[in-house]
Structures are given as C-alpha cells and as structure tokens.
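See below for the structure under consideration.
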Amino acid sequence: MPNSEREHCIYVVFSQTHTRFGRVIRRIAKQKYNHASVSLDSSLEQLYAFGRPQHGAVLLGCLVRESLERYTLRKIDRAVPVAICRIPVKEEEYKWISNRINAVLEDEEYVYNLFSVLTFPFFGGFAIYKAFTCVEFVAHLMRYLKYTSKPSCKYTPDELLYNLKDKKIFEGDIQKYESKLPDTSMYFKPMGFSGYKRSLKIIGVLIKRSLLNRIHEA
C-alpha cells in the first residue's frame, strides 16, 4: 500500500493493440485507441485489463494482468502507441481501486462483455451482469472517482481519454515509457481442447445473462 502522497496515484493506459480484433474495432468505431488498462503503479508492473488470457482465446476474456508481449505480440521492435494518464487519489480511493481489482480477479464469474463490443455501433453498448469490456471496466473504476457520469458500458476508449485529458502524462510508444511491464510466455501458450469448450460455455453464459437483462428491463 502507498505510504506517501506521491504514491497515491493510479495510471490509466489507452493503447492500440496489434491484434486483428483490435484493428477491426478501431476501423469500425473510428477510434484512435481500442484498449484501456489500469495500473496501480507508475512503472506499470501491476497493469490490469479485461482481455483474453491467451492469444488464441478470443472468447475467454476476463480480467488479466498484462505483459509486454501482449502489446508487441513478440515483436520487440514493434511500436505500440499508447496514452498514459496519472490519476491522483486519496489513500482510501487507492485501497478501493486495489480491492475492486483483486475482487474481480478472484471471481471466476466475471467474463468479457463480447456482445456489447460487437453491437456497439448499433446499440452504443449495454451492460451485462458480471461482464466488462476493457474500457467498461476502467470507466467503472473512474466512475467511483467521479471522472465519468453515464453508464460505464457507453464509453469508448477515446471518449474516456477525453474525460482524462488533463491527466495525460505520456503519449507515444509504450517501450519508450519508463515501464517495467513483465514479460511472460503464458500469453502464447496453446489453448487446447478445454479452452474451446470453455469458449462455447462463455457464449451460453452471455446469452443467458443478456436475456435476463431484457427481462429485468421489461
């Protein structure tokens, strides 16, 4: 936990991911950035986001701890455009953010809000029980800090960045920022049959929760 005023900050990272899914999202939504993450430290050692736990696990999104290879896709000389915002917080706010991240990490019911992403151009995003997109989760945290006002599912990365524009401290290649992003081989570990089976299960979970949302709203 932080023990000085300087350490009472969290960091929000907006990025251009080099995955096919990321490029499609930027093109369709006409966004500069398609991904959003939150860090508990300035060096980004504790950087978290809703995304795929493995490169091939497109449907198995959850809250993950991010690594350098997730951004570069193992191409060390590849530039990864990012914008980084530093958010000063009180100690109790820092503790709430940290506890909220840990609670979601430990709860296996949380999944990636895939349906909201895929239908965003038509419906402008919608909430699903225990499901977040990357930007939706960051907006959820920012709502607690009073940087957002509308439902978290309604934000795009660029719009959330606009809300935090006064907090921006860096924009450029993430490898030129003084970070200590961990490097791990887990991201490119083959998914296997069990992963595909879990992917089908996740689709069923999202359909069920989406239907329950509609029933509750009726």
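Scheme for the structure tokens: letters A, B, ... for chains in order shown; per-chain residue numbers from 1; ligand numbers from 1 in order shown.
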Q) Can you tell me, as a ChimeraX atom specification, what residues are no more than 7 Å from region 64-66 of chain A when counting only C-alpha atoms, ignoring any on the same chain fewer than 6 positions away? A) /A:46-51,53
Go ahead and save the residues from that selection, with N, CA and C atoms, as an mmCIF file, in the first residue's frame.
```cif
data_model
loop_
_atom_site.group_PDB
_atom_site.id
_atom_site.type_symbol
_atom_site.label_atom_id
_atom_site.label_comp_id
_atom_site.auth_asym_id
_atom_site.auth_seq_id
_atom_site.Cartn_x
_atom_site.Cartn_y
_atom_site.Cartn_z
ATOM 1 N N GLN A 46 1.971 -3.520 -12.281
ATOM 2 C CA GLN A 46 0.658 -4.037 -11.877
ATOM 3 C C GLN A 46 -0.401 -3.460 -12.807
ATOM 4 N N LEU A 47 -0.362 -3.872 -14.064
ATOM 5 C CA LEU A 47 -1.255 -3.360 -15.104
ATOM 6 C C LEU A 47 -2.334 -4.398 -15.403
ATOM 7 N N TYR A 48 -3.602 -3.993 -15.317
ATOM 8 C CA TYR A 48 -4.713 -4.930 -15.454
ATOM 9 C C TYR A 48 -5.721 -4.441 -16.494
ATOM 10 N N ALA A 49 -6.340 -5.399 -17.166
ATOM 11 C CA ALA A 49 -7.367 -5.064 -18.152
ATOM 12 C C ALA A 49 -8.222 -6.286 -18.428
ATOM 13 N N PHE A 50 -9.434 -6.040 -18.923
ATOM 14 C CA PHE A 50 -10.256 -7.142 -19.414
ATOM 15 C C PHE A 50 -9.783 -7.466 -20.822
ATOM 16 N N GLY A 51 -9.373 -8.708 -21.020
ATOM 17 C CA GLY A 51 -8.883 -9.152 -22.308
ATOM 18 C C GLY A 51 -8.739 -10.658 -22.308
ATOM 19 N N PRO A 53 -7.002 -14.198 -21.906
ATOM 20 C CA PRO A 53 -5.894 -14.705 -21.086
ATOM 21 C C PRO A 53 -4.776 -15.305 -21.932
#
```
Once DSSP has gone over the backbone, tell me which residues of region 54-195 of chain A are in helix (DSSP H, G or I), as a ChimeraX atom specification.
/A:68-72,91-106,114-123,134-144,152-154,157-163,165-167,174-176,186-188,192-195
| query | Got a sec: who's within 9 Å of region 26-34 of chain A, counting only C-alpha atoms, leaving out chain neighbours fewer than 4 positions off, as a list in words? | reply | Phe14, Ser15, Gln16, Thr17, Phe21, Gly22, Pro81, Val82, Ala83, Phe120, Pro121, Cys134, Val135, Thr156, Pro157 and Asp158 of chain A
Using only C-alpha atoms, the shortest atom-to-atom distance to Val138 (chain A) among A:Arg20, A:Gly192, A:Tyr11, A:Asp183 belongs to A:Tyr11
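Picture a line from CA of Lys154 (chain A) to CA of Gly124 (chain A); it runs 6.0 Å.
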Can you write out as CSV which residues of region 56-134 of chain A fall within 9 Å of region 193-205 of chain A, alongside each residue's closest atom pair and its distance in Å to one decimal, counting only C-alpha atoms and ordering rows by chain and ascending residue number?
```
residue,atom,partner,partner_atom,distance
A:Ala57,CA,A:Gly195,CA,7.1
A:Val58,CA,A:Ser199,CA,8.2
A:Leu59,CA,A:Ser199,CA,5.4
A:Leu60,CA,A:Ser199,CA,5.7
A:Val111,CA,A:Ile202,CA,7.6
A:Tyr112,CA,A:Ile202,CA,8.9
A:Leu114,CA,A:Ile203,CA,8.8
```
Would you write out those residues with N, CA and C atoms, as an mmCIF file, in the first residue's frame?
```cif
data_model
loop_
_atom_site.group_PDB
_atom_site.id
_atom_site.type_symbol
_atom_site.label_atom_id
_atom_site.label_comp_id
_atom_site.auth_asym_id
_atom_site.auth_seq_id
_atom_site.Cartn_x
_atom_site.Cartn_y
_atom_site.Cartn_z
ATOM 1 N N ALA A 57 -7.320 -17.323 -27.295
ATOM 2 C CA ALA A 57 -8.579 -17.438 -26.550
ATOM 3 C C ALA A 57 -9.436 -16.203 -26.746
ATOM 4 N N VAL A 58 -9.943 -16.001 -27.944
ATOM 5 C CA VAL A 58 -10.682 -14.787 -28.287
ATOM 6 C C VAL A 58 -11.935 -14.621 -27.434
ATOM 7 N N LEU A 59 -12.602 -15.715 -27.103
ATOM 8 C CA LEU A 59 -13.877 -15.645 -26.386
ATOM 9 C C LEU A 59 -13.735 -15.771 -24.873
ATOM 10 N N LEU A 60 -12.530 -16.041 -24.397
ATOM 11 C CA LEU A 60 -12.348 -16.323 -22.973
ATOM 12 C C LEU A 60 -11.861 -15.092 -22.204
ATOM 13 N N VAL A 111 -16.715 -12.207 -16.887
ATOM 14 C CA VAL A 111 -16.337 -12.547 -18.252
ATOM 15 C C VAL A 111 -16.249 -11.267 -19.085
ATOM 16 N N TYR A 112 -15.736 -11.414 -20.285
ATOM 17 C CA TYR A 112 -15.623 -10.280 -21.206
ATOM 18 C C TYR A 112 -16.976 -9.996 -21.848
ATOM 19 N N LEU A 114 -18.424 -9.434 -24.579
ATOM 20 C CA LEU A 114 -18.224 -9.534 -26.024
ATOM 21 C C LEU A 114 -19.409 -8.991 -26.812
#
```
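If you look at CA of Thr148 (chain A) and CA of Leu160 (chain A), they are 7.9 Å away from each other.
Reported to one decimal place, the separation of CA of Glu45 (chain A) from CA of Leu181 (chain A) is 5.0 Å.
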